[in-house]
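Below: coords22.cif (mmCIF, C-alpha atoms)
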```cif
data_run
#
loop_
_atom_site.label_atom_id
_atom_site.label_comp_id
_atom_site.auth_asym_id
_atom_site.auth_seq_id
_atom_site.Cartn_x
_atom_site.Cartn_y
_atom_site.Cartn_z
CA MET A 1 134.77 116.72 101.54
CA SER A 2 135.77 119.85 103.39
CA GLU A 3 133.15 122.31 104.39
CA TYR A 4 133.74 125.94 105.35
CA ARG A 5 132.13 126.26 108.76
CA PRO A 6 134.53 128.05 111.13
CA PHE A 7 133.91 127.46 114.81
CA HIS A 8 133.93 130.54 117.05
CA ARG A 9 135.12 129.69 120.54
CA PRO A 10 133.76 132.10 123.13
CA GLN A 11 136.23 134.12 125.17
CA ARG A 12 137.01 132.35 128.45
CA PRO A 13 134.80 133.66 131.25
CA PHE A 14 136.66 135.46 134.06
CA TRP A 15 139.82 135.60 131.90
CA TRP A 16 140.89 138.64 133.94
CA ALA A 17 140.96 136.57 137.13
CA ARG A 18 143.19 133.86 135.63
CA ALA A 19 146.94 133.75 135.13
CA PRO A 20 148.63 135.43 133.30
CA TYR A 21 146.04 138.23 133.27
CA ARG A 22 145.76 138.43 137.07
CA GLY A 23 148.72 140.79 137.32
CA TYR A 24 147.12 143.15 134.82
CA SER A 25 143.81 143.10 136.71
CA LEU A 26 145.57 143.86 140.01
CA ARG A 27 147.45 146.70 138.32
CA GLU A 28 144.20 148.24 137.09
CA LEU A 29 142.58 147.69 140.49
CA SER A 30 145.46 149.52 142.18
CA GLY A 31 144.25 152.64 140.34
CA VAL A 32 141.07 152.46 142.44
CA GLY A 33 143.30 152.43 145.54
CA VAL A 34 145.06 155.57 144.32
CA ALA A 35 141.70 157.28 143.75
CA LEU A 36 140.51 156.22 147.23
CA TYR A 37 143.62 157.65 148.85
CA GLY A 38 143.05 160.86 146.91
CA ALA A 39 139.53 160.94 148.39
CA VAL A 40 140.94 160.43 151.91
CA LEU A 41 143.33 163.38 151.44
CA LEU A 42 140.57 165.49 149.91
CA ALA A 43 138.32 164.74 152.91
CA GLY A 44 141.14 165.97 155.18
CA LEU A 45 141.42 169.16 153.16
CA ALA A 46 137.65 169.69 153.35
CA CYS A 47 137.75 169.18 157.14
CA LEU A 48 140.60 171.69 157.42
CA TRP A 49 138.53 174.21 155.51
CA ARG A 50 135.48 173.67 157.76
CA GLY A 51 137.40 174.51 160.93
CA PRO A 52 139.56 173.20 163.78
CA ALA A 53 136.82 170.97 165.24
CA ALA A 54 136.23 169.17 161.96
CA PHE A 55 139.96 168.72 161.40
CA ALA A 56 140.41 167.34 164.90
CA SER A 57 137.70 164.73 164.29
CA TYR A 58 139.35 163.89 160.93
CA ARG A 59 142.65 163.31 162.76
CA ALA A 60 140.87 161.22 165.36
CA TRP A 61 139.41 159.08 162.58
CA LEU A 62 142.89 158.65 161.06
CA ALA A 63 144.06 157.01 164.30
CA THR A 64 141.27 154.40 164.40
CA PRO A 65 142.24 150.75 163.66
CA GLY A 66 139.87 150.72 160.67
CA SER A 67 141.62 153.72 159.17
CA LEU A 68 145.06 152.23 159.85
CA LEU A 69 144.05 149.01 158.11
CA LEU A 70 142.66 150.99 155.17
CA HIS A 71 145.89 152.97 154.95
CA LEU A 72 147.94 149.78 154.99
CA LEU A 73 145.87 148.43 152.09
CA LEU A 74 146.11 151.74 150.24
CA LEU A 75 149.87 151.82 150.76
CA ALA A 76 150.14 148.35 149.19
CA ALA A 77 147.95 149.50 146.28
CA MET A 78 150.04 152.65 145.90
CA LEU A 79 153.32 150.71 145.82
CA LEU A 80 151.94 148.24 143.27
CA HIS A 81 150.66 151.16 141.23
CA MET A 82 154.04 152.88 141.33
CA VAL A 83 155.98 149.81 140.22
CA THR A 84 153.55 148.83 137.44
CA TRP A 85 153.23 152.45 136.29
CA PHE A 86 156.94 152.68 135.66
CA GLN A 87 156.91 149.22 134.08
CA THR A 88 154.26 150.46 131.64
CA LEU A 89 155.97 153.80 130.98
CA PRO A 90 158.52 152.57 128.39
CA LYS A 91 155.68 150.84 126.50
CA THR A 92 153.87 154.13 126.03
CA MET A 93 156.74 156.22 124.67
CA PRO A 94 158.67 156.15 121.41
CA LYS A 95 161.94 154.26 121.58
CA LEU A 96 164.54 156.32 123.42
CA ILE A 97 167.61 156.42 121.20
CA ILE A 98 170.84 157.64 122.77
CA GLY A 99 174.07 157.48 120.81
CA GLY A 100 172.41 155.45 118.04
CA VAL A 101 171.25 152.69 120.38
CA ALA A 102 167.80 152.10 121.89
CA VAL A 103 167.87 152.44 125.70
CA PRO A 104 166.65 149.15 127.27
CA GLN A 105 163.15 149.45 128.74
CA ARG A 106 164.33 148.00 132.03
CA ARG A 107 166.71 150.92 132.48
CA ILE A 108 163.91 153.44 131.89
CA THR A 109 161.76 151.64 134.48
CA ALA A 110 164.63 151.51 136.99
CA LEU A 111 165.40 155.21 136.48
CA GLY A 112 161.74 156.16 136.95
CA LEU A 113 161.41 154.03 140.08
CA ALA A 114 164.63 155.45 141.54
CA THR A 115 163.36 159.00 140.92
CA ALA A 116 160.00 158.17 142.53
CA LEU A 117 161.66 156.63 145.59
CA LEU A 118 164.01 159.61 145.88
CA CYS A 119 161.03 162.00 145.77
CA CYS A 120 159.23 159.90 148.43
CA ALA A 121 162.29 159.97 150.68
CA ALA A 122 162.72 163.74 150.20
CA LEU A 123 159.03 164.35 151.01
CA LEU A 124 159.20 162.10 154.05
CA GLY A 125 162.40 163.84 155.19
CA ALA A 126 160.78 167.27 154.77
CA ALA A 127 157.68 166.13 156.69
CA ILE A 128 159.74 164.72 159.57
CA GLY A 129 161.87 167.87 159.57
CA ALA A 130 158.77 170.08 159.75
CA ALA A 131 157.24 167.99 162.54
CA SER A 132 160.31 168.05 164.81
CA MET B 1 177.99 116.93 113.19
CA PRO B 2 178.16 117.72 116.93
CA ASP B 3 179.30 114.82 119.08
CA SER B 4 176.06 114.58 121.03
CA ALA B 5 174.54 111.25 121.95
CA PRO B 6 172.15 109.82 119.38
CA ALA B 7 168.57 110.89 120.00
CA SER B 8 166.69 108.26 121.94
CA THR B 9 162.94 107.98 121.64
CA ASP B 10 162.30 105.70 124.61
CA ARG B 11 160.22 108.23 126.53
CA THR B 12 156.62 108.95 125.70
CA ILE B 13 154.38 111.93 126.30
CA GLU B 14 150.67 112.41 125.90
CA LEU B 15 149.43 115.16 123.58
CA ARG B 16 145.82 116.28 124.00
CA VAL B 17 144.96 117.93 120.73
CA LEU B 18 141.80 119.94 120.11
CA ARG B 19 140.09 118.53 117.03
CA TYR B 20 137.41 120.12 114.88
CA ARG B 21 136.31 118.72 111.55
CA PRO B 22 133.60 121.05 110.22
CA GLU B 23 131.97 118.32 108.11
CA LEU B 24 131.69 115.91 111.07
CA ASP B 25 131.77 117.76 114.38
CA GLY B 26 129.28 120.18 115.86
CA HIS B 27 131.93 121.55 118.19
CA PRO B 28 135.61 120.89 118.99
CA PHE B 29 136.72 118.02 121.22
CA PHE B 30 140.04 116.70 122.54
CA ASP B 31 141.80 113.68 121.00
CA HIS B 32 144.52 112.04 123.08
CA TYR B 33 147.71 110.71 121.47
CA THR B 34 150.80 109.20 123.07
CA VAL B 35 154.00 109.78 121.14
CA ALA B 36 157.58 108.69 121.72
CA TYR B 37 159.95 111.63 121.86
CA SER B 38 163.62 112.50 122.09
CA ASP B 39 165.34 115.53 123.62
CA ASP B 40 165.52 117.42 120.35
CA MET B 41 161.83 117.07 119.44
CA SER B 42 159.50 120.05 119.34
CA VAL B 43 155.73 119.99 119.77
CA LEU B 44 155.54 120.45 115.99
CA GLN B 45 157.54 117.25 115.52
CA GLY B 46 155.18 115.55 117.97
CA LEU B 47 152.28 116.59 115.76
CA GLN B 48 154.14 115.30 112.72
CA VAL B 49 154.56 111.92 114.42
CA ILE B 50 150.80 111.86 115.02
CA LYS B 51 150.05 112.76 111.42
CA ASP B 52 152.58 110.30 110.00
CA SER B 53 151.77 107.25 112.10
CA LEU B 54 148.74 107.72 114.36
CA ASP B 55 146.08 109.86 112.71
CA SER B 56 146.58 111.25 109.21
CA SER B 57 143.44 113.37 109.46
CA LEU B 58 145.06 115.86 111.88
CA SER B 59 145.42 119.33 110.34
CA TYR B 60 147.89 122.06 111.37
CA ARG B 61 149.97 124.75 109.69
CA TRP B 62 153.74 124.69 109.59
CA SER B 63 156.59 125.51 107.28
CA CYS B 64 160.08 126.50 108.35
CA ARG B 65 160.51 124.53 111.68
CA MET B 66 162.85 127.29 112.95
CA ALA B 67 160.69 130.15 114.30
CA VAL B 68 161.03 132.27 111.19
CA CYS B 69 157.87 131.72 109.14
CA GLY B 70 155.27 132.26 111.87
CA SER B 71 152.95 129.47 110.66
CA CYS B 72 152.78 127.10 113.62
CA GLY B 73 151.39 129.37 116.32
CA MET B 74 149.07 127.47 118.68
CA MET B 75 148.03 127.32 122.32
CA ILE B 76 150.39 124.97 124.13
CA ASN B 77 149.26 124.26 127.70
CA GLY B 78 147.05 127.32 127.36
CA ALA B 79 149.76 129.77 126.30
CA PRO B 80 150.30 131.04 122.74
CA ARG B 81 153.57 129.55 121.46
CA LEU B 82 155.24 128.53 118.25
CA ALA B 83 155.01 124.72 118.12
CA CYS B 84 158.46 124.52 116.49
CA ASN B 85 159.94 126.59 119.29
CA SER B 86 158.46 124.56 122.18
CA PHE B 87 160.26 121.39 123.15
CA LEU B 88 158.56 118.27 124.43
CA ARG B 89 161.39 117.72 126.93
CA ASP B 90 160.42 121.00 128.64
CA LEU B 91 156.78 119.92 128.82
CA ALA B 92 157.46 116.45 130.26
CA PRO B 93 155.93 114.51 131.87
CA GLY B 94 152.83 115.96 130.25
CA PRO B 95 150.09 115.68 129.26
CA VAL B 96 150.46 118.60 126.85
CA THR B 97 147.32 120.32 125.63
CA VAL B 98 147.53 121.67 122.10
CA GLU B 99 144.77 123.97 120.88
CA PRO B 100 144.36 126.39 117.98
CA LEU B 101 145.20 130.05 118.68
CA GLU B 102 142.65 131.67 120.95
CA ASN B 103 140.44 134.55 119.80
CA PHE B 104 140.37 133.25 116.20
CA PRO B 105 137.68 131.20 114.46
CA ILE B 106 138.77 127.56 114.04
CA GLU B 107 138.79 126.36 110.43
CA ARG B 108 139.85 122.79 111.14
CA ASP B 109 141.74 121.21 114.05
CA LEU B 110 144.67 123.56 114.77
CA VAL B 111 144.12 125.77 111.74
CA VAL B 112 142.55 129.18 112.38
CA THR B 113 141.11 131.85 110.08
CA VAL B 114 143.73 134.48 109.24
CA GLY B 115 141.76 136.52 106.69
CA ASP B 116 140.84 139.39 109.02
CA PHE B 117 144.44 139.76 110.16
CA VAL B 118 145.68 139.93 106.57
CA LYS B 119 143.03 142.58 105.79
CA LYS B 120 144.19 144.62 108.80
CA ILE B 121 147.78 144.53 107.56
CA GLU B 122 146.67 145.52 104.07
CA GLY B 123 144.74 148.44 105.54
CA ILE B 124 147.71 150.18 107.15
CA TYR B 125 149.81 150.72 103.99
CA PRO B 126 152.49 148.12 104.86
CA TYR B 127 155.17 149.58 102.61
CA LEU B 128 157.45 152.62 102.51
CA ILE B 129 155.79 155.75 101.19
CA PRO B 130 158.86 157.94 100.45
CA LYS B 131 158.82 161.44 101.90
CA THR B 132 160.43 162.82 98.81
CA ALA B 133 160.59 160.99 95.52
CA ARG B 134 164.12 160.38 94.33
CA ARG B 135 165.31 159.59 90.87
CA LEU B 136 167.52 156.55 90.45
CA GLU B 137 170.62 158.61 89.69
CA GLU B 138 170.20 160.44 93.03
CA GLY B 139 171.15 157.23 94.81
CA GLU B 140 169.67 155.37 97.74
CA TYR B 141 167.76 156.72 100.72
CA LEU B 142 170.34 156.96 103.50
CA GLN B 143 169.69 156.17 107.14
CA THR B 144 171.80 156.47 110.30
CA PRO B 145 172.09 153.64 112.86
CA ALA B 146 169.98 155.75 115.27
CA GLU B 147 167.23 156.09 112.66
CA LEU B 148 167.33 152.33 112.11
CA ALA B 149 167.16 151.62 115.86
CA ALA B 150 163.94 153.66 116.07
CA TYR B 151 161.96 151.02 114.16
CA GLU B 152 164.22 147.97 113.87
CA SER B 153 162.50 145.72 116.44
CA PHE B 154 159.14 146.24 114.70
CA SER B 155 160.57 144.98 111.41
CA ASP B 156 161.20 141.59 113.06
CA CYS B 157 157.48 140.69 113.11
CA ILE B 158 156.80 137.30 111.50
CA ASN B 159 152.97 137.62 111.52
CA CYS B 160 152.55 134.57 113.75
CA MET B 161 149.54 136.12 115.54
CA LEU B 162 150.58 134.89 118.99
CA CYS B 163 150.05 138.47 120.21
CA TYR B 164 146.43 138.37 119.05
CA ALA B 165 145.86 135.10 120.90
CA ALA B 166 147.26 136.73 124.06
CA CYS B 167 145.15 139.89 123.74
CA PRO B 168 141.87 139.81 125.71
CA GLN B 169 140.76 143.06 124.09
CA PHE B 170 141.06 141.49 120.64
CA GLY B 171 139.05 138.58 122.05
CA ALA B 172 136.34 141.03 123.11
CA ASN B 173 136.46 143.09 119.90
CA PRO B 174 137.61 141.17 116.80
CA ASP B 175 137.62 144.43 114.82
CA PHE B 176 140.35 145.89 117.06
CA ILE B 177 143.36 146.41 114.78
CA GLY B 178 145.46 144.55 117.35
CA PRO B 179 149.14 144.35 118.32
CA GLY B 180 150.55 142.61 115.22
CA ALA B 181 149.21 145.04 112.62
CA MET B 182 150.24 147.96 114.85
CA ALA B 183 153.80 146.62 115.04
CA ILE B 184 153.89 146.55 111.26
CA LEU B 185 152.39 150.04 111.12
CA GLN B 186 155.06 151.34 113.49
CA ARG B 187 157.77 149.66 111.43
CA TYR B 188 156.89 152.06 108.60
CA ASN B 189 155.73 155.08 110.64
CA GLY B 190 158.97 154.98 112.62
CA ASP B 191 161.12 154.87 109.48
CA SER B 192 162.95 158.13 108.78
CA ARG B 193 162.47 157.63 105.03
CA ASP B 194 158.70 157.28 105.29
CA GLY B 195 156.15 160.02 104.69
CA GLY B 196 152.92 158.05 105.10
CA GLN B 197 152.34 158.72 108.81
CA GLN B 198 149.16 160.76 108.38
CA GLN B 199 147.56 158.17 106.07
CA ARG B 200 148.24 155.41 108.57
CA LEU B 201 147.17 157.52 111.53
CA ASP B 202 143.76 157.97 109.91
CA ARG B 203 143.31 154.18 110.13
CA ILE B 204 143.93 153.80 113.84
CA HIS B 205 141.56 156.24 115.53
CA GLY B 206 138.64 154.97 117.62
CA GLU B 207 137.75 151.68 119.28
CA ASP B 208 138.73 149.59 116.26
CA GLY B 209 142.02 151.47 116.13
CA VAL B 210 144.45 151.76 119.03
CA TRP B 211 141.83 152.70 121.64
CA SER B 212 140.62 149.17 122.37
CA CYS B 213 144.02 148.55 123.95
CA THR B 214 144.18 148.75 127.74
CA ALA B 215 147.92 148.05 127.94
CA VAL B 216 147.54 144.49 129.17
CA GLY B 217 151.02 143.95 127.75
CA LEU B 218 150.83 140.18 127.28
CA CYS B 219 151.27 140.63 123.51
CA SER B 220 154.88 141.67 124.04
CA ASP B 221 155.50 138.88 126.56
CA VAL B 222 154.44 136.11 124.17
CA CYS B 223 156.17 137.55 121.09
CA PRO B 224 158.77 135.02 119.88
CA LYS B 225 160.76 137.79 118.17
CA GLN B 226 160.82 140.48 120.91
CA VAL B 227 159.01 142.85 118.56
CA ASP B 228 157.24 144.57 121.48
CA PRO B 229 153.89 145.22 119.80
CA ALA B 230 152.54 146.74 123.06
CA ASN B 231 155.01 149.56 122.52
CA ALA B 232 153.79 150.02 118.95
CA VAL B 233 150.14 150.27 120.04
CA ASN B 234 150.69 152.50 123.04
CA GLN B 235 153.03 155.05 121.53
CA ASN B 236 150.46 155.50 118.78
CA LYS B 237 147.74 156.31 121.32
CA THR B 238 149.68 159.51 122.05
CA LYS B 239 149.95 160.23 118.33
CA SER B 240 146.25 159.53 117.78
CA ALA B 241 145.32 161.85 120.67
CA PHE B 242 147.63 164.62 119.44
CA ASP B 243 146.22 164.27 115.95
CA PHE B 244 142.69 164.60 117.31
CA PHE B 245 143.44 167.83 119.21
CA LEU B 246 145.68 169.37 116.57
CA ARG B 247 142.96 168.88 113.97
CA PHE B 248 140.52 170.59 116.29
CA LEU B 249 142.88 173.56 116.59
CA LYS B 250 143.51 173.58 112.87
CA ARG B 251 139.80 173.77 112.14
CA GLU B 252 139.38 176.66 114.59
CA THR B 253 142.20 178.74 113.16
CA GLY B 254 141.10 177.94 109.66
CA GLN B 255 137.77 179.75 110.09
#
```

What's the structure tokens form of this structure?
Amino acid sequence: MSEYRPFHRPQRPFWWARAPYRGYSLRELSGVGVALYGAVLLAGLACLWRGPAAFASYRAWLATPGSLLLHLLLLAAMLLHMVTWFQTLPKTMPKLIIGGVAVPQRRITALGLATALLCCAALLGAAIGAAS
Amino acid sequence: MPDSAPASTDRTIELRVLRYRPELDGHPFFDHYTVAYSDDMSVLQGLQVIKDSLDSSLSYRWSCRMAVCGSCGMMINGAPRLACNSFLRDLAPGPVTVEPLENFPIERDLVVTVGDFVKKIEGIYPYLIPKTARRLEEGEYLQTPAELAAYESFSDCINCMLCYAACPQFGANPDFIGPGAMAILQRYNGDSRDGGQQQRLDRIHGEDGVWSCTAVGLCSDVCPKQVDPANAVNQNKTKSAFDFFLRFLKRETGQ
């Protein structure tokens, strides 16, 4: 006869490293990249505060191959973070109702990404303008 | 009848089904079955072929066969799916692994324990609590299309629990209220006629409430009804946080 003895399967080890959770884990990891880049900028600010010599050595470090490689990695992390952040955005807000219809989440993501890219381009344009 | 060719069952596919009979087995194991299938056969029909002609001891839940009742959720090739909504032709040449929903205790074969999930639904007042009581002669509670759109997707939940099987945080903390119950909560909290928001909010604070969620988002991806439970959980994090701070302010001004 039947017996009530439920079997508890353990959660799969390293589930976060497997598909389809890998994308989520990379997204969360990209946050570390953002924090690291924040630290790099903060170090530059600290060097600026300490004086011209310190800032010059900071700039010299920026030009090293190690720093360039780090920046390339951080740029990739930043881009992934930006895309996934705007993909998550519509999940975290109440449904946006305009004219009695819910705005599709994809449109919210696209609008956010477009705004972010526009801001990036404007900042880059301003920086190039200031440098020349 | 449509003029399609008669279904042929000349092809076969292997189904690897996780078995667990509590009175016989110490732990689950895979049984292999080869079934003939036609283009219109779902995994559920494959299981029915097994039960009818290969092994009558196989246990699984099913009812409507048309993705409405939410009974036949199971892991198909490792992903939470409705067995009635997954076609063998798409899984050919196989083999197809069929397991009970992940993150739930296994009762028998493909049947999992649903008691905790039902308790969670019961706990969030899954019914309209009218803002203002109306007498019958005052007529019905009216709602605009915009007010309906605010909660409509959440009312499509069929309680199939695929979202729970996809949620690693529910796997880590079985007391986490989880995506499904939150979708049902939001169905009522988002309703313009409802006045029970505070009562429900009191049930979703803390780790066993919305805060176990880390926005993995797979719950919404696997939902067969596009309910978007991730949206239900995450928009309530904001509400839970606001409630926490507003209460703090309220207490201060109250003194």

| said: List as an NGL selection string the protein and nucleic acid residues near Ser53 in chain B, meaning an atom at most 12 Å away when all atoms listed in the file are counted, but skip any in the same chain fewer than 6 places from it. | reply: :B and (33-36 or 46-47)

C-alpha atoms of the current selection, written as a tab-separated table (two decimals), in the coordinates of the input:
```
chain	number	residue	atom	x	y	z
B	33	TYR	CA	147.71	110.71	121.47
B	34	THR	CA	150.80	109.20	123.07
B	35	VAL	CA	154.00	109.78	121.14
B	36	ALA	CA	157.58	108.69	121.72
B	46	GLY	CA	155.18	115.55	117.97
B	47	LEU	CA	152.28	116.59	115.76
```

Any chance you could work out the axis-aligned box around range 31-45 of chain A, listed atoms only, 3 Å on each side, giving centre and edge lengths in Å to one decimal, as AutoDock Vina command-line options?
```
--center_x 141.7 --center_y 160.8 --center_z 147.8 --size_x 12.7 --size_y 22.7 --size_z 20.8
```

| message | Given all atoms listed in the file as the basis, pick out the residue of A:Ser132, A:Thr115, A:Thr92, A:Ser30 nearest to chain B. | response | A:Thr92

Residues selected by the PyMOL selection byres ((chain B) within 6 of (chain A)), written as a short mmCIF file (atom, residue, chain, number, x, y, z; two decimals) with C-alpha atoms, in the frame of the given file:
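Output file expr.cif is given in full below:
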```
data_model
loop_
_atom_site.label_atom_id
_atom_site.label_comp_id
_atom_site.auth_asym_id
_atom_site.auth_seq_id
_atom_site.Cartn_x
_atom_site.Cartn_y
_atom_site.Cartn_z
CA PRO B 22 133.60 121.05 110.22
CA GLU B 23 131.97 118.32 108.11
CA PRO B 105 137.68 131.20 114.46
CA ILE B 106 138.77 127.56 114.04
CA GLU B 107 138.79 126.36 110.43
CA PRO B 145 172.09 153.64 112.86
CA ALA B 146 169.98 155.75 115.27
CA ALA B 150 163.94 153.66 116.07
CA VAL B 216 147.54 144.49 129.17
CA ASN B 231 155.01 149.56 122.52
CA ASN B 234 150.69 152.50 123.04
CA GLN B 235 153.03 155.05 121.53
#
```

Contacts of His81 in chain A at 7 Å (only C-alpha atoms; same-chain gap of 2+ positions) as a PDB file with C-alpha atoms, in the frame of the given file:
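And here is the file that came out, out.pdb:
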```
ATOM      1  CA  ARG A  27     147.450 146.700 138.320  1.00  0.00           C
ATOM      2  CA  SER A  30     145.460 149.520 142.180  1.00  0.00           C
ATOM      3  CA  GLY A  31     144.250 152.640 140.340  1.00  0.00           C
ATOM      4  CA  ALA A  77     147.950 149.500 146.280  1.00  0.00           C
ATOM      5  CA  MET A  78     150.040 152.650 145.900  1.00  0.00           C
ATOM      6  CA  LEU A  79     153.320 150.710 145.820  1.00  0.00           C
ATOM      7  CA  VAL A  83     155.980 149.810 140.220  1.00  0.00           C
ATOM      8  CA  THR A  84     153.550 148.830 137.440  1.00  0.00           C
ATOM      9  CA  TRP A  85     153.230 152.450 136.290  1.00  0.00           C
TER      10      TRP A  85
END
```

| CA of Gly195 in chain B to CA of Ile124 in chain B: how many Å, to one decimal? |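 These two atoms are separated by 13.2 Å.
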
| query | In Å, how far is it from CA of His32 in chain B to CA of Arg16 in chain B? | reply |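 Going from CA of His32 in chain B over to CA of Arg16 in chain B covers 4.5 Å.
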
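Each of A:Phe86, A:Ala63, A:Gly38, A:Gly51 was checked against Leu113 in chain A using all atoms listed in the file; the smallest atom-to-atom distance is that of A:Phe86.
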
| field | Residue contacts of Leu74 in chain A (8 Å, all atoms listed in the file) excluding same-chain residues fewer than 3 positions away, as a PyMOL selection string | value | chain A and resi 33-34+36-37+70-71+77-78

| Which residues come within 10 Å of Arg81 in chain B, counting only C-alpha atoms, excluding same-chain residues fewer than 5 positions away, as a PyMOL selection string? | chain B and resi 43+72-76+86+98+101+160-163+165-166+222-224

| request: Evaluate the PyMOL selection byres ((chain B and resi 182) around 9) on the structure here and hand back the selected residues as number ranges by chain. | output: B: 121, 124, 177-181, 183-187, 204, 210, 229-230, 232-233, 236

| field | Between CA of His205 in chain B and CA of Thr132 in chain B - distance in Å to one decimal | value |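 CA of Thr132 in chain B sits 26.1 Å away from CA of His205 in chain B.
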
| request: Please write the residues picked by the PyMOL selection byres ((chain B and resi 58-63) around 10) on this file as number ranges by chain. | output: B: 17-21, 31, 44, 47-48, 50-52, 54-57, 64-74, 82-84, 100, 107-112

Exercise: Glu147 in chain B partners within 9 Å, only C-alpha atoms, chain neighbours under 3 positions left out, as a JSON list (two decimals) with C-alpha atoms, in the coordinates of the input:
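Generated output (selection.json):
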```json
[["chain", "number", "residue", "atom", "x", "y", "z"],
["A", 97, "ILE", "CA", 167.61, 156.42, 121.20],
["A", 100, "GLY", "CA", 172.41, 155.45, 118.04],
["B", 143, "GLN", "CA", 169.69, 156.17, 107.14],
["B", 144, "THR", "CA", 171.80, 156.47, 110.30],
["B", 150, "ALA", "CA", 163.94, 153.66, 116.07],
["B", 151, "TYR", "CA", 161.96, 151.02, 114.16],
["B", 152, "GLU", "CA", 164.22, 147.97, 113.87],
["B", 190, "GLY", "CA", 158.97, 154.98, 112.62],
["B", 191, "ASP", "CA", 161.12, 154.87, 109.48],
["B", 192, "SER", "CA", 162.95, 158.13, 108.78]]
```
